[in-house]
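Take a look at the structure below.
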Amino acid sequence: MLSFGDGWQEDWDCTVLRRDGSLVMQGKGLQLLHSLSTGQVQGIVAMRNVSGAKPLFGHPEVHRYSALYDTNGNLLEDWAKVYYSGGVGDLIVCNNSNYTGKNMSDGLYSISKRQMLYEGVTYVAELGNNRFAVMDAGSVVGVLDGQGREVCGFPMQQDYTGLTGVGNYYASNIIQGNSYTNVVLNHDFEIVMEIAEVENITEMGGYLVVYNYEQQNSRVLAMPSQNIVYETPPQVTVEYFDGEIIITSAQSNNWEQSMATLAGEELITGCEWIVPTCEQDESNAQTFLAYQNNRVLLLGRNGEVLQEHVGEFGNYSAQYTGGNYVVYQDAKESKGYSEENERNVILFGPNLEVLIPAGKYDDIYLLEDAGSTDVYYSAMQYMPGTTNLLVDVYDGSGTLLLEELKELQQTGPGRFVVIRGFSGGLVNAEGNWLYKTSAFGALEDE
Amino acid sequence: MKKENKVRLLALLLGTLCLLAACKPSAQPGIQLGISSTQGPGAPVDISSLNASNYPVVDGSTATLPLMAQVYSRVCGVIYEEAERKVTASKTAAAWQMLAEGSVDLLLVYEAPEETKEWLQTEGIDLEIHAIGRDGLVFITNEQNPVESLTQKQLKDIYKGKITNWKTVGGSNQPISAFQRNAESGSQSLFLKLVMQGEEPMEPPTHLLVAGMGGLIESLASYDDSASAIGYSVFYYASEMYEKPGLKFVGVDGVLPQNSTIADKTYPLTNDFYVAIRADEPEGSPARILRNWLLSAEGIQALEEAGYVSAIV
């Protein structure tokens with residue numbers, strides 16, 4: 001399900017469509033509610049602002065009213081002074097927007113039961129590993145899984161604040177009276193260890209990396225034993241660790257990056273960057289992309305060069321995304337307006353084959369859609385002399401699917417909400433319109 | 001035969017209202033850009049040297065986008081749907097500025113806001129501006145509103161806050177919700193020039209100030225007090241580019257806006273729109289060739305085929 005005209009503007013017409021282009025509903029100020037765990041649409045909300053009589057800083061007080069619909073456009077809850085936002089399972093977050101009187105309270109609302117299940121809840125925060133913290137103004141009320149089932153809490157035994165998920169562990173403060181303690185918790189909210197106030201944690205490959213802001217160094221702990229398996233000197237940061245291979249960057253050496261084995265064998269040094277071939281929250285790379293001495297290198301786990309790409313390059317940065325590498329280089333020639341320095345960007349495939357060459361685009365982004373495993377990239381270029389972007393869409397193998405879009409608002413599996421020329425609507429990956437309307441209803445005018 | 005009166009912009013900027021009144025009988029206030037007069041179509045222009053690779057960077061107002069596409073399609077020999085994808089509009093105020101700064105080569109554009117004209121004057125930038133088409137400032141209400149026409153004075157009084165109820169102008173007993181546009185919009189420039197004529201409109205409540213022309217039309221059609229709302233746009237945009245069911249045009253001084261009444265100016269609130277290039281554009285440059293073609297009979301035909309009213313007679 002996709003919404004055309006989503007990205008809410010009060011009183012703008014919006015259209016909610018199914019994948020086949022059939023109409024679910026149309027109305028003013030519609031937005032889709034997406035599940036935080038699956039990205040699937042949980043429901044549809046219609047919103048409008050209504051000015052109240054009571055002056056607020058010299059202007060009429062404005063109240064947000066919302067009405068809630070299911071995914072077939074059937075009304076679940078009529079207009080009320082409330083905000084809705086996505087949750088987990090069939091639970092959505094409901095926030096009372098009427099600060100002067102009771103209307104609907106804060107809480108988690110069950111779409112299937114059509115009733116509030118958890119009162120006093122203000123938002124839901126993703127913790128990772130299919131866990132979601134149910135929060136009330138910064139304090140954890142309980143933890144749900146991605147299906148909306150209770151894992152623990154309701155209420156919690158301790159007052160946890162500042163809770164963040166780091167893989168299999170949480171970092172949190174525990175408030176006891178007037179003091180608080182920084183702790184690391186496991187998924188059962190058992191305290192595993194305490195850390196200093198100047199420390200934070202990340203998890204890499206099942207190991208905890210504790211970074212100390214004061215000393216600007218890191219120590220890598222095996223879990224659950226907490227044995228230190230690696231410790232960096234001051235001003236050296238751990239960028240990647242998978243239990244065997246470690247990538248570090250050294251502030252003293254202009255943040256140059258090095259890759260070594262845990263046993264201390266240097267695999268490569270003096271790189272501007274080294275990017276592991278794995279998703280950002282994973283540590284299972286089989287290859288690495290590195291930039292060293294004007295060469296982009298594809299490396300194996302022993303540091304051997306599998307492929308290389310040579311060219312006249314400036315300062316690079318790179319990321320592994322969607323199974324390919326997006327690599328930026330300094331542009332030789334300005335191609336249009338950009339808030340940042342003009343950039344040319346290359347899309348390399350997993351074996352360093354050039355999927356999209358440099359010279360055409362100012363930026364390339366992976367089009368992320370939580371409900372899909374399809375890989376699409378939006379490649380953007382500024383129209384000459386203007387601040388307007390034209391967007392092309394490629395698939396994961398670098399095949400051009402859609403070109404010269406003025407807007408690419410939203411994607412679903414094989415579906416794109418676009419403005420192309422003077423028309424807007426829903427197109428498939430072949431560029432065929434499934435739903436088409438005038439683009440000028442959503443364009444700001446002169 | 002075309003008679004061009006090419007005068008540098010600064011020489012033509014009229015510094016005082018007295019001078020304005022002496023040269024132009026219209027009581028319209030504000031800075032006048034140096035607009036070259038055009039009598040009849042220009043001579044045929046060979047555009048065979050223009051193609052997609054050397055086509056000038058064209059910009060302008062949203063309401064001229066279909067004209068930009070029509071011209072690109074005709075000149076570069078591509079189908080109209082492809083041409084739609086090649087054109088863009090930075091909107092009126094920004095487009096004038098971008099031409100002056102040299103980032104675009106040619107404008108198809110509505111009249112600049114006063115602040116932009118002042119900036120152009122201060123910077124001393126030479127432009128060659130020709131009236132190419134004519135449009136009308138139109139007032140739009142919900143079709144439930146029984147009022148069919150308003151006088152210019154009534155419109156001014158509504159926007160000055162002197163008339164606040166529709167019953168005063170022959171409508172039902174409902175307060176008037178008068179929408180305005182943001183200051184940078186071409187419609188707002190026309191509104192201030194043609195309706196307010198130098199007088200300040202009332203300060204609109206925030207929710208009655210609409211940034212986008214599409215947004216304005218949506219608001220009128222959907223506003224909770226829909227029958228009480230009034231707003232404005234330009235005729236071409238409202239009638240050709242975004243026709244919204246449930247709305248109607250209000251006549252002004254008893255005349256409804258139509259291409260014919262805009263062409264012969266019996267509809268009182270009309271204004272020309274322009275083709276503009278920088279004066280230092282070299283002879284034989286793509287922008288100058290395209291400008292000359294737009295002023296020729298072929299260019300006028302392209303404009304009229306796109307549904308616009310030509311200002312060249």
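Here, A, B, ... name the chains of the structure tokens in the order displayed, residue numbers run from 1 inside each chain, and ligands are numbered from 1 in the same displayed order.
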
* Can you tell me, as JSON, numbers by chain, what residues are no more than 10 Å from Ala100 in chain B when counting only C-alpha atoms, ignoring any on the same chain fewer than 3 positions away? -> {"B": [94, 95, 96, 97, 103, 104, 105, 119, 120, 123, 124, 125, 126, 127, 277, 278, 279]}

Please, could you write that set of residues out with all heavy atoms as a compact mmCIF listing (two decimals), in the first residue's frame?
# COMPACT_ATOMS: atom_id res chain seq x y z
N ALA B 94 12.46 33.58 -8.01
CA ALA B 94 13.77 32.92 -8.12
C ALA B 94 14.25 32.89 -9.57
O ALA B 94 15.44 33.05 -9.84
CB ALA B 94 13.67 31.51 -7.56
N ALA B 95 13.33 32.71 -10.50
CA ALA B 95 13.73 32.63 -11.91
C ALA B 95 14.34 33.94 -12.39
O ALA B 95 15.37 33.95 -13.07
CB ALA B 95 12.52 32.25 -12.76
N TRP B 96 13.70 35.06 -12.03
CA TRP B 96 14.27 36.36 -12.41
C TRP B 96 15.67 36.52 -11.84
O TRP B 96 16.59 36.98 -12.51
CB TRP B 96 13.37 37.50 -11.89
CG TRP B 96 12.15 37.76 -12.72
CD1 TRP B 96 10.88 37.38 -12.44
CD2 TRP B 96 12.08 38.47 -13.97
NE1 TRP B 96 10.01 37.78 -13.42
CE2 TRP B 96 10.73 38.47 -14.38
CE3 TRP B 96 13.02 39.09 -14.78
CZ2 TRP B 96 10.30 39.07 -15.55
CZ3 TRP B 96 12.59 39.69 -15.95
CH2 TRP B 96 11.24 39.68 -16.34
N GLN B 97 15.82 36.13 -10.60
CA GLN B 97 17.13 36.27 -9.96
C GLN B 97 18.16 35.39 -10.65
O GLN B 97 19.30 35.80 -10.86
CB GLN B 97 17.01 35.90 -8.48
CG GLN B 97 18.26 36.22 -7.69
CD GLN B 97 18.02 36.20 -6.20
OE1 GLN B 97 16.88 36.25 -5.74
NE2 GLN B 97 19.09 36.14 -5.43
N SER B 103 22.71 31.96 -14.11
CA SER B 103 22.62 30.50 -14.01
C SER B 103 21.57 29.92 -14.94
O SER B 103 21.54 28.71 -15.15
CB SER B 103 22.35 30.08 -12.56
OG SER B 103 21.23 30.74 -12.04
N VAL B 104 20.69 30.75 -15.47
CA VAL B 104 19.79 30.31 -16.54
C VAL B 104 19.91 31.29 -17.69
O VAL B 104 20.39 32.42 -17.52
CB VAL B 104 18.32 30.16 -16.06
CG1 VAL B 104 18.23 29.23 -14.88
CG2 VAL B 104 17.72 31.50 -15.74
N ASP B 105 19.45 30.87 -18.87
CA ASP B 105 19.69 31.67 -20.08
C ASP B 105 18.46 32.42 -20.58
O ASP B 105 18.58 33.44 -21.25
CB ASP B 105 20.18 30.76 -21.21
CG ASP B 105 21.44 29.99 -20.82
OD1 ASP B 105 22.30 30.60 -20.16
OD2 ASP B 105 21.54 28.80 -21.15
N TRP B 119 15.74 44.72 -6.59
CA TRP B 119 17.06 44.08 -6.59
C TRP B 119 17.69 44.17 -7.97
O TRP B 119 18.88 44.50 -8.10
CB TRP B 119 16.92 42.62 -6.16
CG TRP B 119 18.21 41.87 -6.18
CD1 TRP B 119 19.18 41.88 -5.22
CD2 TRP B 119 18.67 41.00 -7.22
NE1 TRP B 119 20.22 41.07 -5.60
CE2 TRP B 119 19.94 40.52 -6.82
CE3 TRP B 119 18.16 40.60 -8.44
CZ2 TRP B 119 20.68 39.65 -7.61
CZ3 TRP B 119 18.90 39.73 -9.22
CH2 TRP B 119 20.14 39.26 -8.82
N LEU B 120 16.91 43.91 -9.00
CA LEU B 120 17.43 43.99 -10.36
C LEU B 120 17.91 45.41 -10.65
O LEU B 120 18.96 45.63 -11.26
CB LEU B 120 16.35 43.60 -11.37
CG LEU B 120 15.95 42.12 -11.41
CD1 LEU B 120 14.67 41.94 -12.20
CD2 LEU B 120 17.06 41.28 -12.02
N GLU B 123 21.17 46.15 -8.68
CA GLU B 123 22.32 45.44 -9.23
C GLU B 123 22.71 45.97 -10.61
O GLU B 123 23.79 45.68 -11.11
CB GLU B 123 22.02 43.95 -9.34
CG GLU B 123 21.81 43.25 -8.00
CD GLU B 123 23.08 43.19 -7.17
OE1 GLU B 123 24.12 42.78 -7.72
OE2 GLU B 123 23.04 43.59 -5.99
N GLY B 124 21.82 46.72 -11.23
CA GLY B 124 22.12 47.28 -12.55
C GLY B 124 22.29 46.23 -13.63
O GLY B 124 23.21 46.30 -14.45
N ILE B 125 21.41 45.28 -13.62
CA ILE B 125 21.53 44.16 -14.56
C ILE B 125 20.71 44.45 -15.82
O ILE B 125 19.54 44.81 -15.73
CB ILE B 125 21.07 42.86 -13.90
CG1 ILE B 125 22.04 42.51 -12.77
CG2 ILE B 125 21.00 41.73 -14.91
CD1 ILE B 125 21.48 41.59 -11.75
N ASP B 126 21.35 44.29 -16.96
CA ASP B 126 20.67 44.55 -18.23
C ASP B 126 19.95 43.31 -18.72
O ASP B 126 20.57 42.26 -18.91
CB ASP B 126 21.70 44.96 -19.29
CG ASP B 126 22.31 46.31 -18.99
OD1 ASP B 126 21.84 46.97 -18.04
OD2 ASP B 126 23.25 46.70 -19.70
N LEU B 127 18.67 43.44 -18.92
CA LEU B 127 17.87 42.34 -19.46
C LEU B 127 17.11 42.83 -20.67
O LEU B 127 16.78 44.02 -20.78
CB LEU B 127 16.88 41.83 -18.40
CG LEU B 127 17.44 41.34 -17.08
CD1 LEU B 127 16.29 40.94 -16.14
CD2 LEU B 127 18.37 40.15 -17.28
N ILE B 277 15.84 37.55 -21.73
CA ILE B 277 17.24 37.08 -21.78
C ILE B 277 18.12 38.19 -21.25
O ILE B 277 17.68 39.34 -21.12
CB ILE B 277 17.68 36.68 -23.22
CG1 ILE B 277 17.54 37.88 -24.18
CG2 ILE B 277 16.90 35.49 -23.73
CD1 ILE B 277 18.12 37.62 -25.57
N ARG B 278 19.37 37.87 -20.96
CA ARG B 278 20.31 38.91 -20.57
C ARG B 278 20.70 39.72 -21.82
O ARG B 278 20.82 39.18 -22.91
CB ARG B 278 21.56 38.30 -19.94
CG ARG B 278 21.34 37.77 -18.53
CD ARG B 278 22.64 37.24 -17.94
NE ARG B 278 23.15 36.15 -18.74
CZ ARG B 278 22.73 34.89 -18.66
NH1 ARG B 278 21.78 34.56 -17.79
NH2 ARG B 278 23.24 33.95 -19.44
N ALA B 279 20.89 41.01 -21.61
CA ALA B 279 21.19 41.88 -22.76
C ALA B 279 22.54 41.56 -23.38
O ALA B 279 22.76 41.82 -24.56
CB ALA B 279 21.14 43.34 -22.31

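Minimum distance to Arg85 in chain B across B:Pro66, B:Gly246, B:Pro146, B:Gly136 (counting only C-alpha atoms) occurs at B:Pro66.
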
* Asked: Within 10 Å of range 345-357 of chain A, counting only C-alpha atoms, which residues qualify if same-chain residues fewer than 3 places away don't, as a PyMOL selection string?
  -> chain A and resi 277+287-289+296-298+306-309+316-331+342+360-365+377+379-380+394-400

Write the residues of the selection above to a file with N, CA and C atoms, as a short mmCIF file (atom, residue, chain, number, x, y, z; two decimals), in the first residue's frame.
data_model
loop_
_atom_site.label_atom_id
_atom_site.label_comp_id
_atom_site.auth_asym_id
_atom_site.auth_seq_id
_atom_site.Cartn_x
_atom_site.Cartn_y
_atom_site.Cartn_z
N THR A 277 32.31 -5.64 3.74
CA THR A 277 31.18 -6.03 2.90
C THR A 277 30.13 -6.71 3.76
N THR A 287 34.70 -9.91 2.37
CA THR A 287 35.59 -9.04 1.60
C THR A 287 35.52 -7.63 2.17
N PHE A 288 36.48 -6.81 1.73
CA PHE A 288 36.56 -5.42 2.22
C PHE A 288 36.94 -4.52 1.04
N LEU A 289 36.38 -3.33 1.01
CA LEU A 289 36.76 -2.35 -0.01
C LEU A 289 37.63 -1.30 0.67
N VAL A 296 41.27 1.93 -5.59
CA VAL A 296 40.20 1.28 -4.84
C VAL A 296 40.47 -0.22 -4.91
N LEU A 297 40.59 -0.86 -3.74
CA LEU A 297 40.99 -2.27 -3.68
C LEU A 297 39.88 -3.12 -3.08
N LEU A 298 39.61 -4.24 -3.70
CA LEU A 298 38.75 -5.24 -3.09
C LEU A 298 39.64 -6.29 -2.46
N LEU A 306 41.88 -8.71 -4.43
CA LEU A 306 41.08 -9.51 -5.36
C LEU A 306 40.81 -8.74 -6.65
N GLN A 307 40.54 -7.46 -6.53
CA GLN A 307 40.30 -6.59 -7.68
C GLN A 307 40.82 -5.20 -7.32
N GLU A 308 41.10 -4.40 -8.34
CA GLU A 308 41.41 -3.01 -8.06
C GLU A 308 40.91 -2.10 -9.17
N HIS A 309 40.66 -0.87 -8.80
CA HIS A 309 40.15 0.13 -9.74
C HIS A 309 41.03 1.36 -9.58
N TYR A 316 37.94 10.34 -1.15
CA TYR A 316 36.80 9.45 -1.30
C TYR A 316 36.09 9.24 0.03
N SER A 317 34.86 8.88 -0.06
CA SER A 317 34.24 8.16 1.03
C SER A 317 33.40 7.08 0.37
N ALA A 318 32.96 6.11 1.14
CA ALA A 318 32.28 4.97 0.52
C ALA A 318 31.37 4.31 1.53
N GLN A 319 30.37 3.60 1.04
CA GLN A 319 29.54 2.78 1.92
C GLN A 319 29.07 1.53 1.17
N TYR A 320 28.91 0.47 1.94
CA TYR A 320 28.35 -0.77 1.41
C TYR A 320 26.86 -0.73 1.65
N THR A 321 26.09 -0.82 0.59
CA THR A 321 24.64 -0.66 0.76
C THR A 321 23.91 -1.42 -0.34
N GLY A 322 23.01 -2.27 0.06
CA GLY A 322 22.22 -3.03 -0.90
C GLY A 322 23.04 -4.05 -1.68
N GLY A 323 24.16 -4.50 -1.14
CA GLY A 323 24.99 -5.49 -1.83
C GLY A 323 26.00 -4.89 -2.78
N ASN A 324 26.04 -3.57 -2.88
CA ASN A 324 27.00 -2.88 -3.75
C ASN A 324 27.70 -1.78 -2.95
N TYR A 325 28.64 -1.12 -3.61
CA TYR A 325 29.37 -0.05 -2.96
C TYR A 325 29.06 1.28 -3.64
N VAL A 326 28.62 2.25 -2.84
CA VAL A 326 28.47 3.62 -3.35
C VAL A 326 29.73 4.38 -2.94
N VAL A 327 30.46 4.88 -3.92
CA VAL A 327 31.74 5.54 -3.65
C VAL A 327 31.69 6.95 -4.22
N TYR A 328 32.05 7.91 -3.38
CA TYR A 328 32.02 9.32 -3.80
C TYR A 328 33.43 9.78 -4.15
N GLN A 329 33.53 10.61 -5.16
CA GLN A 329 34.81 11.23 -5.47
C GLN A 329 34.58 12.71 -5.69
N ASP A 330 35.63 13.49 -5.54
CA ASP A 330 35.53 14.92 -5.83
C ASP A 330 35.23 15.09 -7.30
N ALA A 331 34.31 16.01 -7.59
CA ALA A 331 33.99 16.26 -9.00
C ALA A 331 35.05 17.15 -9.61
N GLU A 342 30.48 19.72 -4.95
CA GLU A 342 30.00 18.93 -6.07
C GLU A 342 30.65 17.55 -6.02
N LYS A 360 27.89 11.39 -13.90
CA LYS A 360 26.50 11.72 -14.22
C LYS A 360 25.70 12.19 -13.01
N TYR A 361 25.97 11.59 -11.88
CA TYR A 361 25.08 11.84 -10.74
C TYR A 361 25.79 12.56 -9.60
N ASP A 362 24.99 13.33 -8.87
CA ASP A 362 25.49 14.00 -7.68
C ASP A 362 25.37 13.12 -6.44
N ASP A 363 24.45 12.18 -6.49
CA ASP A 363 24.31 11.29 -5.34
C ASP A 363 23.55 10.03 -5.74
N ILE A 364 23.83 8.97 -5.04
CA ILE A 364 23.12 7.70 -5.24
C ILE A 364 22.72 7.18 -3.86
N TYR A 365 21.44 6.85 -3.72
CA TYR A 365 20.95 6.33 -2.44
C TYR A 365 20.27 4.99 -2.66
N TYR A 377 18.12 1.67 -6.42
CA TYR A 377 18.87 2.87 -6.08
C TYR A 377 18.24 4.08 -6.77
N ALA A 379 19.29 7.60 -8.23
CA ALA A 379 20.49 8.34 -8.64
C ALA A 379 20.03 9.74 -9.03
N MET A 380 20.64 10.76 -8.41
CA MET A 380 20.11 12.11 -8.56
C MET A 380 21.12 13.04 -9.20
N TYR A 394 17.62 2.77 -10.53
CA TYR A 394 18.33 1.59 -11.02
C TYR A 394 17.99 0.40 -10.13
N ASP A 395 18.11 -0.79 -10.69
CA ASP A 395 18.00 -1.97 -9.83
C ASP A 395 19.39 -2.33 -9.29
N GLY A 396 19.48 -3.39 -8.53
CA GLY A 396 20.72 -3.75 -7.86
C GLY A 396 21.83 -4.18 -8.79
N SER A 397 21.48 -4.50 -10.04
CA SER A 397 22.53 -4.87 -11.00
C SER A 397 22.92 -3.70 -11.89
N GLY A 398 22.40 -2.51 -11.59
CA GLY A 398 22.78 -1.32 -12.34
C GLY A 398 21.97 -1.10 -13.60
N THR A 399 20.84 -1.76 -13.72
CA THR A 399 19.97 -1.56 -14.88
C THR A 399 19.05 -0.36 -14.64
N LEU A 400 19.03 0.56 -15.60
CA LEU A 400 18.19 1.74 -15.47
C LEU A 400 16.72 1.35 -15.63
#
